[in-house]
>>> print(open('run19.txt').read())   # compact mmCIF, C-alpha atoms and all ligand atoms
# COMPACT_ATOMS: atom_id res chain seq x y z
CA MET K 1288 23.08 -9.49 20.20
CA ASN K 1289 20.31 -11.65 18.77
CA LEU K 1290 16.97 -9.88 18.87
CA ASP K 1291 15.18 -12.36 16.61
CA ASP K 1292 13.23 -13.83 19.53
CA THR K 1293 12.53 -10.52 21.28
CA PRO K 1294 9.16 -9.08 20.28
CA LEU K 1295 9.76 -5.41 19.58
CA ASP K 1296 7.15 -2.71 19.26
CA LEU K 1297 6.83 -1.25 15.73
CA GLN K 1298 8.30 2.01 17.07
CA SER K 1299 11.52 0.17 18.01
CA LEU K 1300 11.49 -2.00 14.89
CA VAL K 1301 11.63 0.99 12.51
CA ILE K 1302 14.78 2.18 14.28
CA HIS K 1303 16.64 -1.17 14.52
CA GLY K 1304 14.81 -3.71 12.36
CA ASP K 1305 17.07 -3.40 9.30
CA GLN K 1306 19.94 -5.09 11.22
CA ASP K 1307 20.55 -8.79 10.61
CA TRP K 1308 20.28 -10.08 14.19
CA SER K 1309 21.10 -13.66 13.23
CA ARG K 1310 24.47 -12.64 11.72
CA PRO K 1311 25.56 -9.57 13.75
CA GLU K 1312 29.15 -9.86 12.44
CA LEU K 1313 27.86 -8.82 8.99
CA ASN K 1314 26.22 -5.60 10.18
CA ASP K 1315 27.88 -2.41 9.08
CA THR K 1316 29.28 -0.36 11.94
CA ALA K 1317 28.28 2.83 10.12
CA LEU K 1318 25.04 3.89 11.80
CA ALA K 1319 23.42 5.10 8.57
CA PRO K 1320 23.22 2.63 5.67
CA ALA K 1321 25.67 2.89 2.78
CA ILE K 1322 24.33 3.30 -0.77
CA TYR K 1323 25.80 0.54 -2.97
CA THR K 1324 25.76 1.97 -6.47
CA ALA K 1325 27.89 -0.82 -8.03
CA SER K 1326 26.22 -2.60 -10.93
CA THR K 1327 28.37 -5.72 -10.41
CA TYR K 1328 30.47 -7.40 -7.70
CA CYS K 1329 33.81 -9.20 -8.00
CA ALA K 1330 34.52 -12.78 -6.92
CA ARG K 1331 37.89 -13.66 -5.39
CA THR K 1332 37.74 -17.34 -6.36
CA SER K 1333 35.75 -19.39 -8.85
CA GLU K 1334 33.99 -21.10 -5.92
CA GLU K 1335 32.94 -17.71 -4.64
CA PHE K 1336 31.66 -16.76 -8.09
CA ALA K 1337 29.57 -19.92 -8.30
CA ALA K 1338 28.09 -19.17 -4.87
CA MET K 1339 27.24 -15.58 -5.87
CA ALA K 1340 25.63 -16.68 -9.12
CA ASN K 1341 23.64 -19.57 -7.69
CA GLU K 1342 22.54 -18.46 -4.23
CA PRO K 1343 19.06 -16.96 -4.59
CA ARG K 1344 18.84 -13.29 -3.66
CA HIS K 1345 22.61 -12.91 -3.16
CA PRO K 1346 22.96 -9.17 -2.39
CA ARG K 1347 26.42 -8.85 -4.00
CA TYR K 1348 26.25 -10.38 -7.47
CA TYR K 1349 24.63 -8.13 -10.10
CA ALA K 1350 22.53 -5.11 -9.09
CA ARG K 1351 19.34 -6.14 -10.95
CA TYR K 1352 19.31 -9.11 -8.54
CA GLY K 1353 19.67 -6.92 -5.43
CA ASN K 1354 22.23 -5.00 -3.40
CA PRO K 1355 23.07 -4.57 0.31
CA THR K 1356 21.15 -1.27 0.71
CA GLN K 1357 18.02 -2.87 -0.70
CA GLU K 1358 18.47 -6.00 1.44
CA ARG K 1359 18.62 -3.90 4.61
CA CYS K 1360 15.44 -2.03 3.72
CA GLU K 1361 13.64 -5.27 2.79
CA ARG K 1362 14.52 -6.85 6.14
CA LEU K 1363 12.86 -3.94 7.95
CA VAL K 1364 9.68 -3.89 5.84
CA ALA K 1365 9.28 -7.68 6.21
CA ARG K 1366 9.47 -7.35 10.02
CA LEU K 1367 6.96 -4.48 10.01
CA GLU K 1368 4.48 -6.67 8.10
CA ASN K 1369 5.14 -9.74 10.27
CA ALA K 1370 6.56 -11.58 7.24
CA GLU K 1371 9.65 -13.70 6.65
CA SER K 1372 10.78 -11.87 3.56
CA ALA K 1373 10.17 -8.83 1.33
CA LEU K 1374 11.04 -7.68 -2.18
CA LEU K 1375 11.42 -4.02 -3.10
CA CYS K 1376 10.43 -3.00 -6.63
CA ALA K 1377 10.75 0.12 -8.76
CA SER K 1378 7.16 1.21 -7.96
CA GLY K 1379 3.94 -0.01 -6.37
CA MET K 1380 2.75 -1.03 -9.84
CA GLY K 1381 6.09 -2.78 -10.43
CA ALA K 1382 5.46 -4.82 -7.26
CA MET K 1383 1.84 -5.52 -8.30
CA SER K 1384 2.59 -6.52 -11.92
CA THR K 1385 5.58 -8.67 -10.91
CA THR K 1386 3.57 -10.40 -8.17
CA LEU K 1387 0.60 -11.10 -10.45
CA LEU K 1388 2.78 -12.37 -13.29
CA SER K 1389 4.53 -14.75 -10.92
CA LEU K 1390 1.35 -16.14 -9.33
CA VAL K 1391 -0.96 -16.80 -12.29
CA LYS K 1392 -0.73 -18.18 -15.83
CA ALA K 1393 -3.14 -18.65 -18.75
CA GLY K 1394 -6.18 -20.66 -17.65
CA ASP K 1395 -6.08 -19.46 -14.02
CA HIS K 1396 -8.83 -17.42 -12.36
CA ILE K 1397 -8.53 -14.44 -9.98
CA VAL K 1398 -11.21 -12.95 -7.72
CA ALA K 1399 -10.59 -9.26 -6.98
CA GLN K 1400 -12.54 -6.17 -5.93
CA SER K 1401 -14.60 -3.88 -8.14
CA ALA K 1402 -12.80 -1.00 -6.37
CA HIS K 1403 -9.02 -1.17 -6.69
CA TYR K 1404 -6.27 1.36 -7.29
CA MET K 1405 -6.68 2.37 -10.93
CA GLY K 1406 -3.40 0.81 -12.12
CA THR K 1407 -4.33 -2.50 -10.47
CA SER K 1408 -7.78 -2.37 -12.09
CA GLN K 1409 -6.09 -1.92 -15.47
CA LEU K 1410 -3.92 -5.01 -14.95
CA LEU K 1411 -7.03 -6.98 -13.95
CA THR K 1412 -9.37 -5.83 -16.70
CA ASP K 1413 -6.91 -5.37 -19.58
CA LEU K 1414 -3.44 -6.97 -19.30
CA LEU K 1415 -4.31 -10.27 -17.56
CA PRO K 1416 -7.42 -11.15 -19.62
CA GLY K 1417 -5.28 -10.53 -22.73
CA LEU K 1418 -2.85 -13.19 -21.43
CA GLY K 1419 -5.64 -15.73 -20.88
CA VAL K 1420 -6.22 -15.16 -17.16
CA GLU K 1421 -9.86 -14.96 -16.06
CA VAL K 1422 -10.83 -12.26 -13.54
CA THR K 1423 -14.07 -11.79 -11.54
CA LEU K 1424 -14.61 -8.50 -9.71
CA VAL K 1425 -16.81 -8.51 -6.60
CA ASP K 1426 -18.19 -5.98 -4.12
CA GLN K 1427 -15.58 -6.15 -1.37
CA ARG K 1428 -18.01 -5.13 1.39
CA ASP K 1429 -19.58 -8.58 1.08
CA ALA K 1430 -17.02 -11.22 2.19
CA ASP K 1431 -19.32 -14.00 0.88
CA ALA K 1432 -19.01 -12.56 -2.63
CA PHE K 1433 -15.41 -13.82 -2.81
CA ARG K 1434 -16.54 -17.33 -1.86
CA GLU K 1435 -19.42 -17.28 -4.34
CA ALA K 1436 -17.12 -16.23 -7.21
CA VAL K 1437 -14.75 -19.18 -6.75
CA ARG K 1438 -14.27 -21.63 -9.65
CA PRO K 1439 -12.18 -24.83 -9.86
CA ASN K 1440 -9.33 -22.81 -11.44
CA THR K 1441 -9.32 -19.93 -8.88
CA ARG K 1442 -5.71 -19.34 -7.74
CA LEU K 1443 -5.75 -15.90 -6.19
CA PHE K 1444 -7.87 -13.44 -4.16
CA ILE K 1445 -6.79 -9.79 -4.29
CA VAL K 1446 -8.02 -7.36 -1.65
CA GLU K 1447 -7.34 -3.70 -0.95
CA THR K 1448 -8.65 -2.22 2.30
CA PRO K 1449 -9.51 0.57 2.94
CA SER K 1450 -10.20 1.07 -0.76
CA ASN K 1451 -9.59 4.08 -2.94
CA PRO K 1452 -11.38 6.54 -2.88
CA THR K 1453 -14.45 5.57 -0.83
CA LEU K 1454 -12.68 3.90 2.13
CA ALA K 1455 -14.77 0.73 1.93
CA LEU K 1456 -13.37 -2.20 3.93
CA THR K 1457 -12.75 -5.88 3.16
CA ASP K 1458 -13.03 -8.45 5.96
CA LEU K 1459 -9.45 -9.75 5.93
CA ALA K 1460 -10.01 -12.63 8.38
CA ALA K 1461 -13.12 -13.93 6.57
CA VAL K 1462 -11.52 -13.80 3.11
CA ALA K 1463 -8.25 -15.37 4.36
CA ARG K 1464 -10.01 -18.17 6.25
CA PHE K 1465 -11.97 -19.28 3.19
CA ALA K 1466 -8.95 -18.97 0.87
CA ARG K 1467 -6.70 -21.03 3.20
CA ALA K 1468 -9.28 -23.81 3.37
CA HIS K 1469 -9.36 -24.01 -0.45
CA GLY K 1470 -5.66 -23.55 -1.26
CA ILE K 1471 -6.19 -20.09 -2.78
CA THR K 1472 -3.40 -17.52 -2.33
CA THR K 1473 -4.39 -14.14 -0.85
CA LEU K 1474 -2.76 -10.80 -1.70
CA ALA K 1475 -3.61 -7.57 0.17
CA ASP K 1476 -2.68 -4.06 -0.98
CA ASN K 1477 -2.05 -2.44 2.42
CA THR K 1478 -0.96 0.97 1.09
CA PHE K 1479 -3.77 3.05 2.63
CA ALA K 1480 -3.60 1.58 6.16
CA SER K 1481 0.19 1.05 6.41
CA PRO K 1482 1.46 -1.57 8.90
CA ILE K 1483 0.91 0.97 11.68
CA ASN K 1484 -2.87 0.75 11.33
CA GLN K 1485 -3.34 -2.77 9.95
CA ARG K 1486 -1.22 -5.91 9.51
CA PRO K 1487 -3.03 -8.22 7.05
CA ARG K 1488 -0.78 -11.21 7.84
CA ASP K 1489 -2.08 -11.18 11.43
CA PHE K 1490 -5.48 -12.05 9.87
CA GLY K 1491 -4.10 -14.89 7.71
CA ILE K 1492 -3.36 -13.04 4.44
CA ASP K 1493 -0.39 -14.55 2.53
CA LEU K 1494 1.13 -11.63 0.63
CA VAL K 1495 1.08 -7.94 1.58
CA LEU K 1496 1.88 -5.27 -0.96
CA HIS K 1497 2.56 -1.53 -0.68
CA SER K 1498 3.08 1.41 -2.88
CA ALA K 1499 6.09 2.52 -0.79
CA THR K 1500 5.74 5.84 -2.63
CA LYS K 1501 3.00 6.69 -0.12
CA TYR K 1502 3.27 6.19 3.69
CA LEU K 1503 6.41 4.01 3.83
CA GLY K 1504 8.52 6.60 2.00
CA GLY K 1505 6.38 9.39 3.42
CA HIS K 1506 8.01 12.49 1.92
CA SER K 1507 6.67 12.63 -1.66
CA ASP K 1508 10.21 12.23 -2.99
CA LEU K 1509 10.50 8.63 -4.18
CA ILE K 1510 8.66 5.97 -6.20
CA ALA K 1511 8.92 2.38 -4.94
CA GLY K 1512 6.87 -0.70 -4.14
CA VAL K 1513 7.26 -3.72 -1.91
CA VAL K 1514 5.70 -7.16 -1.50
CA CYS K 1515 6.06 -9.23 1.71
CA GLY K 1516 5.33 -12.86 2.50
CA ASN K 1517 6.98 -16.18 3.27
CA ALA K 1518 10.50 -16.72 1.88
CA ASP K 1519 9.45 -19.25 -0.81
CA SER K 1520 6.76 -17.01 -2.33
CA ILE K 1521 9.00 -13.95 -2.28
CA GLU K 1522 11.83 -15.89 -3.94
CA ARG K 1523 9.43 -16.88 -6.72
CA ILE K 1524 8.35 -13.25 -7.21
CA TRP K 1525 12.02 -12.15 -7.11
CA LYS K 1526 12.81 -14.58 -9.96
CA ARG K 1527 10.12 -12.87 -12.05
CA SER K 1528 11.41 -9.42 -11.05
CA ILE K 1529 14.88 -10.13 -12.44
CA ALA K 1530 13.33 -11.23 -15.72
CA LEU K 1531 10.93 -8.26 -15.85
CA GLY K 1532 13.55 -5.74 -14.64
CA THR K 1533 11.31 -4.20 -11.96
CA ASN K 1534 14.18 -3.81 -9.46
CA VAL K 1535 14.47 -0.75 -7.22
CA SER K 1536 17.45 1.63 -7.36
CA PRO K 1537 19.90 1.54 -4.40
CA PHE K 1538 19.44 5.28 -3.87
CA THR K 1539 15.66 4.82 -3.57
CA ALA K 1540 16.17 1.95 -1.09
CA PHE K 1541 18.31 4.30 1.02
CA LEU K 1542 15.69 7.08 0.94
CA LEU K 1543 12.95 4.61 1.81
CA LEU K 1544 14.90 3.31 4.81
CA ARG K 1545 15.36 6.88 5.97
CA GLY K 1546 11.63 7.55 5.62
CA LEU K 1547 10.70 4.36 7.48
CA ARG K 1548 12.46 5.53 10.68
CA THR K 1549 9.57 7.94 11.33
CA LEU K 1550 6.70 5.85 9.94
CA PRO K 1551 4.84 5.33 13.26
CA LEU K 1552 5.18 9.01 14.26
CA ARG K 1553 3.95 10.22 10.88
CA VAL K 1554 1.07 7.80 10.48
CA GLU K 1555 -0.21 8.38 14.01
CA ARG K 1556 -0.29 12.13 13.37
CA GLN K 1557 -1.82 11.74 9.89
CA SER K 1558 -4.53 9.50 11.36
CA GLU K 1559 -5.29 12.06 14.10
CA ASN K 1560 -5.51 14.83 11.51
CA ALA K 1561 -7.76 12.77 9.22
CA LEU K 1562 -10.11 11.98 12.12
CA ALA K 1563 -10.23 15.67 13.15
CA LEU K 1564 -11.04 16.67 9.54
CA ALA K 1565 -13.64 13.90 9.22
CA ARG K 1566 -15.42 15.04 12.42
CA PHE K 1567 -15.29 18.69 11.36
CA LEU K 1568 -16.53 18.05 7.79
CA GLU K 1569 -19.28 15.66 8.90
CA LYS K 1570 -20.94 18.56 10.73
CA HIS K 1571 -20.65 21.04 7.84
CA PRO K 1572 -23.96 21.89 6.11
CA ALA K 1573 -22.44 21.77 2.57
CA ILE K 1574 -21.26 18.15 2.97
CA ALA K 1575 -23.58 15.23 2.28
CA ARG K 1576 -21.27 12.42 3.37
CA VAL K 1577 -17.85 11.77 4.89
CA HIS K 1578 -16.22 8.41 4.19
CA TYR K 1579 -13.81 7.48 6.99
CA PRO K 1580 -13.78 4.11 8.76
CA GLU K 1581 -13.01 5.51 12.22
CA LEU K 1582 -16.25 7.56 12.18
CA GLU K 1583 -19.11 5.84 14.02
CA SER K 1584 -21.28 6.66 10.96
CA HIS K 1585 -19.12 4.45 8.65
CA PRO K 1586 -21.29 1.48 7.60
CA GLN K 1587 -18.44 -0.96 8.40
CA HIS K 1588 -17.32 0.63 11.67
CA ALA K 1589 -17.58 -2.70 13.55
CA LEU K 1590 -15.20 -4.32 11.03
CA PHE K 1591 -12.89 -1.30 11.33
CA LYS K 1592 -12.62 -1.98 15.08
CA ARG K 1593 -11.76 -5.64 14.45
CA GLN K 1594 -8.95 -5.11 11.97
CA MET K 1595 -7.56 -1.55 12.17
CA GLN K 1596 -5.87 0.54 14.90
CA HIS K 1597 -6.91 3.90 13.42
CA GLY K 1598 -8.61 4.96 10.21
CA GLY K 1599 -5.41 6.13 8.48
CA GLY K 1600 -4.60 9.41 6.77
CA VAL K 1601 -7.11 9.31 3.89
CA LEU K 1602 -10.78 10.32 3.94
CA SER K 1603 -13.20 11.40 1.25
CA ILE K 1604 -16.16 13.77 1.27
CA GLU K 1605 -19.17 14.24 -0.97
CA PHE K 1606 -20.78 17.61 -1.54
CA LYS K 1607 -24.54 18.09 -1.44
CA GLY K 1608 -26.30 18.81 -4.71
CA ASP K 1609 -27.08 16.97 -7.95
CA ALA K 1610 -24.56 15.57 -10.49
CA HIS K 1611 -24.05 19.11 -11.80
CA THR K 1612 -24.05 21.36 -8.71
CA GLY K 1613 -22.21 18.81 -6.51
CA TYR K 1614 -19.57 18.38 -9.21
CA LYS K 1615 -19.02 22.13 -9.48
CA ALA K 1616 -18.85 22.61 -5.70
CA ALA K 1617 -16.28 19.79 -5.35
CA LYS K 1618 -14.12 21.26 -8.12
CA ARG K 1619 -14.31 24.79 -6.69
CA PHE K 1620 -13.46 23.50 -3.18
CA ALA K 1621 -10.34 21.67 -4.39
CA ALA K 1622 -9.18 24.76 -6.26
CA SER K 1623 -9.83 27.14 -3.31
CA LEU K 1624 -7.69 25.45 -0.65
CA LYS K 1625 -4.48 27.28 0.29
CA LEU K 1626 -2.67 25.05 2.80
CA ALA K 1627 -3.80 21.72 1.34
CA ARG K 1628 -2.32 21.20 -2.12
CA HIS K 1629 -4.20 20.00 -5.18
CA ALA K 1630 -2.24 16.93 -6.33
CA VAL K 1631 -2.54 13.16 -6.78
CA SER K 1632 -0.85 10.76 -4.34
CA LEU K 1633 -0.98 10.52 -0.55
CA GLY K 1634 1.11 9.59 2.47
CA GLY K 1635 3.50 12.57 2.37
CA VAL K 1636 3.97 15.29 4.97
CA GLU K 1637 1.78 17.75 3.01
CA THR K 1638 -2.02 17.49 2.95
CA LEU K 1639 -3.17 16.72 -0.61
CA VAL K 1640 -6.64 16.76 -2.14
CA VAL K 1641 -7.99 15.51 -5.47
CA HIS K 1642 -11.36 15.87 -7.14
CA ALA K 1643 -11.78 12.23 -8.15
CA ALA K 1644 -14.11 12.74 -11.11
CA SER K 1645 -11.78 15.26 -12.85
CA MET K 1646 -8.93 12.78 -12.38
CA TRP K 1647 -10.75 9.86 -13.99
CA GLU K 1648 -13.43 11.31 -16.30
CA ALA K 1649 -11.15 11.02 -19.35
CA SER K 1650 -10.36 7.32 -18.79
CA LEU K 1651 -13.52 5.91 -17.14
CA SER K 1652 -17.08 5.71 -18.45
CA PRO K 1653 -19.76 7.22 -16.14
CA GLU K 1654 -21.05 3.66 -15.49
CA ARG K 1655 -17.61 2.33 -14.47
CA MET K 1656 -17.12 5.43 -12.31
CA GLN K 1657 -20.42 4.70 -10.54
CA ALA K 1658 -19.51 1.01 -10.10
CA THR K 1659 -16.28 2.05 -8.35
CA GLY K 1660 -18.30 4.37 -6.11
CA ILE K 1661 -16.88 7.60 -7.48
CA SER K 1662 -19.51 10.32 -7.17
CA PRO K 1663 -18.96 13.47 -9.30
CA ALA K 1664 -19.17 15.40 -5.98
CA LEU K 1665 -16.38 13.43 -4.26
CA VAL K 1666 -13.10 14.93 -3.04
CA ARG K 1667 -10.37 12.72 -1.57
CA ILE K 1668 -8.28 14.24 1.21
CA ALA K 1669 -4.93 12.77 2.28
CA ALA K 1670 -3.97 14.38 5.59
CA GLY K 1671 -0.40 15.53 6.10
CA LEU K 1672 1.43 16.63 9.24
CA GLU K 1673 0.20 20.23 9.53
CA SER K 1674 -1.81 21.29 12.59
CA ALA K 1675 -5.37 20.01 12.58
CA ALA K 1676 -6.67 23.49 13.50
CA ASP K 1677 -4.93 25.09 10.49
CA LEU K 1678 -6.24 22.36 8.19
CA CYS K 1679 -9.83 22.77 9.43
CA ALA K 1680 -9.59 26.55 8.98
CA ASP K 1681 -8.28 26.08 5.42
CA MET K 1682 -11.14 23.68 4.60
CA GLU K 1683 -13.74 26.00 6.16
CA ALA K 1684 -12.57 28.93 4.02
CA ALA K 1685 -12.57 26.79 0.86
CA LEU K 1686 -16.08 25.52 1.67
CA ALA K 1687 -17.24 29.14 1.92
CA ALA K 1688 -15.56 29.94 -1.42
CA ALA K 1689 -17.17 26.89 -3.05
CA ALA K 1690 -20.61 27.97 -1.85
CA ALA K 1691 -20.21 31.59 -3.03
C1 LIG K 1701 -0.27 4.58 -5.48
C2 LIG K 1701 -0.85 3.25 -5.28
C3 LIG K 1701 -0.42 2.14 -6.04
C4 LIG K 1701 0.62 2.27 -7.11
O1 LIG K 1701 1.86 2.62 -6.59
P1 LIG K 1701 3.01 3.43 -7.42
O2 LIG K 1701 4.10 3.51 -6.42
O3 LIG K 1701 2.43 4.74 -7.81
O4 LIG K 1701 3.35 2.59 -8.59
C5 LIG K 1701 -0.99 0.91 -5.77
N1 LIG K 1701 -1.95 0.77 -4.83
C6 LIG K 1701 -2.40 1.81 -4.10
C7 LIG K 1701 -3.48 1.60 -3.09
C8 LIG K 1701 -1.87 3.09 -4.30
O5 LIG K 1701 -2.33 4.13 -3.59
>>> encode(input="run19.txt", output="structure tokens", more="lines below")
Ligand SMILES: *Cc1c(COP(=O)(O)O)cnc(C)c1O
Amino acid sequence: MNLDDTPLDLQSLVIHGDQDWSRPELNDTALAPAIYTASTYCARTSEEFAAMANEPRHPRYYARYGNPTQERCERLVARLENAESALLCASGMGAMSTTLLSLVKAGDHIVAQSAHYMGTSQLLTDLLPGLGVEVTLVDQRDADAFREAVRPNTRLFIVETPSNPTLALTDLAAVARFARAHGITTLADNTFASPINQRPRDFGIDLVLHSATKYLGGHSDLIAGVVCGNADSIERIWKRSIALGTNVSPFTAFLLLRGLRTLPLRVERQSENALALARFLEKHPAIARVHYPELESHPQHALFKRQMQHGGGVLSIEFKGDAHTGYKAAKRFAASLKLARHAVSLGGVETLVVHAASMWEASLSPERMQATGISPALVRIAAGLESAADLCADMEAALAAAAA
């Protein structure tokens, strides 16, 4: 059967999209994927050896170059992101660092957001400038800011929407349209939305990256990253990944494939729970602000409707009070929850919360924290799969404890 030309819903793709429809004779008849732990593969003839060594991305050559379990998982993620090809890496940061190091060199210029995942910000403000790459950070809520920051040597725009932890949005279509017209590559970190709520390539973005540790894996039991795009770009990034050694383990690729089967079910439920929590917390007298794009009160709600299905599983709240009392209330709230757990990360089945300022106060100056939009009174909530009623009750009790 060749399903390549049949448009399948994402719900069907996650179940069948790892099969190679163009070469059905190669598909394993075992319904669950095998885990190929071999570090190396044998050739039967010298011609076969030459083919293995020279064909890019051969899945049976040497395991740093890839393996059949990984290839199957990559095929599925590429289809989910409406891309030709994908590369799995050892972590989201492995995917980000490998991608950046394959796209830019000394003398090039990047325009990125002032609010990015902290590891990405470190690459942009520390590692890349040290290698002679220029970086300009702009306020992502203003699509014109990307255009205004362009120089003759600008090679790359990096966007991340919704952003961490204030859920600010970037206009994907506007940024992609301008970049295309000027030959600038675009890279979107789509971790927070997941392909269920947003597909950046449908808006003209070139490369889409995920921390697969979060929603794609979905069970808080693996670390992986992935980058998707056209086959030429991904082959170039793959060449860097074999030199940098950022390859994923076959066991992780297996676990990720297993997690992906339920991605739409999980993300739909997490998005419903996050919206229920956002509506409940918005009405609570102790809360000054709720940041969640699906709320009508979100300043970019019109953009949300243009580019996202639902708001996703992450929201953040700010307590009332000044820098001191708001900070203390946020800290007490995070520590008083019983059902929701106090831990970094997101995208798993358990609801997790973090008090952002305690997480970053050791590494960020108060000015940098303010520039990224991190109020001392901010708590990020990543909804899991529990019942919305139980989660609201847990939050209500912790709010009462924080006020006491
Ligand atoms: C977690 C995360 C990363 C980094 O991914 P790791 O898998 O932890 O290396 C990058 N971007 C975003 C938005 C993230 O949430």
>>> residues_near_ligand(input="run19.txt", ligand="ligand LIG 1701 (chain K)", cutoff="8 Å", atoms="only C-alpha atoms and all ligand atoms", output="list in words")
Ala1377, Ser1378, Gly1379, Met1380, Gly1381, Ala1382, Met1383, His1403, Tyr1404, Met1405, Gly1406, Thr1407, Glu1447, Ser1450, Asn1451, Asp1476, Asn1477, Thr1478, Phe1479, His1497, Ser1498, Ala1499, Thr1500, Lys1501, Ile1510, Ala1511, Gly1512, Ser1632 and Leu1633 of chain K
>>> residues_around(input="run19.txt", residues="K:Ala1373", least_positions_apart="4", cutoff="6 Å", atoms="all atoms listed in the file", output="compact mmCIF listing (two decimals) with C-alpha atoms, in the frame of the given file")
# COMPACT_ATOMS: atom_id res chain seq x y z
CA GLU K 1361 13.64 -5.27 2.79
CA ALA K 1365 9.28 -7.68 6.21
CA VAL K 1514 5.70 -7.16 -1.50
CA CYS K 1515 6.06 -9.23 1.71
>>> residues_around(input="run19.txt", residues="K:Ala1687", least_positions_apart="4", cutoff="10 Å", atoms="all atoms listed in the file", output="ChimeraX atom specification")
/K:1573,1620,1623,1682-1683,1691
>>> closest_residue(input="run19.txt", among="K:Gly1608, K:Gly1600, K:Pro1580, K:Pro1320", to="K:Arg1667", atoms="all atoms listed in the file")
K:Gly1600
>>> closest_residue(input="run19.txt", among="K:Leu1411, K:Ala1338, K:Ala1319, K:Leu1672", to="K:Val1636", atoms="all atoms listed in the file")
K:Leu1672
>>> closest_residue(input="run19.txt", among="K:Ala1644, K:Ile1574, K:Leu1544, K:Leu1388", to="K:Arg1362", atoms="all atoms listed in the file")
K:Leu1544
>>> atom_distance(input="run19.txt", atom1="atom CA of K:Thr1533", atom2="atom CA of K:Val1301")
25.0 Å
>>> residues_near_point(input="run19.txt", point="(27.4, 0.6, -10.1)", cutoff="10 Å", atoms="all atoms listed in the file", output="list in words")
Tyr1323, Thr1324, Ala1325, Ser1326, Thr1327, Tyr1328, Tyr1349, Ala1350 and Pro1537 of chain K
>>> atom_distance(input="run19.txt", atom1="atom CA of K:Ala1317", atom2="atom CA of K:Pro1482")
27.2 Å
>>> atom_distance(input="run19.txt", atom1="atom CA of K:Thr1549", atom2="atom CA of K:Ser1520")
28.6 Å
>>> closest_residue(input="run19.txt", among="K:Leu1424, K:Leu1590, K:Cys1679, K:Cys1329", to="K:Lys1570", atoms="all atoms listed in the file")
K:Cys1679
>>> closest_residue(input="run19.txt", among="K:Ile1521, K:Val1420, K:Ala1575, K:Ala1680", to="K:Thr1385", atoms="only C-alpha atoms")
K:Ile1521
>>> residues_around(input="run19.txt", residues="K:Thr1472", least_positions_apart="4", cutoff="9 Å", atoms="only C-alpha atoms", output="list in words")
Leu1390, Arg1442, Leu1443, Phe1444, Ile1445, Ala1463, Ala1466, Arg1467, Ile1492, Asp1493 and Leu1494 of chain K
>>> write_last_selection(input="run19.txt", atoms="C-alpha atoms", output="short mmCIF file (atom, residue, chain, number, x, y, z; two decimals), keeping the file's coordinate frame")
data_model
loop_
_atom_site.label_atom_id
_atom_site.label_comp_id
_atom_site.auth_asym_id
_atom_site.auth_seq_id
_atom_site.Cartn_x
_atom_site.Cartn_y
_atom_site.Cartn_z
CA LEU K 1390 1.35 -16.14 -9.33
CA ARG K 1442 -5.71 -19.34 -7.74
CA LEU K 1443 -5.75 -15.90 -6.19
CA PHE K 1444 -7.87 -13.44 -4.16
CA ILE K 1445 -6.79 -9.79 -4.29
CA ALA K 1463 -8.25 -15.37 4.36
CA ALA K 1466 -8.95 -18.97 0.87
CA ARG K 1467 -6.70 -21.03 3.20
CA ILE K 1492 -3.36 -13.04 4.44
CA ASP K 1493 -0.39 -14.55 2.53
CA LEU K 1494 1.13 -11.63 0.63
#
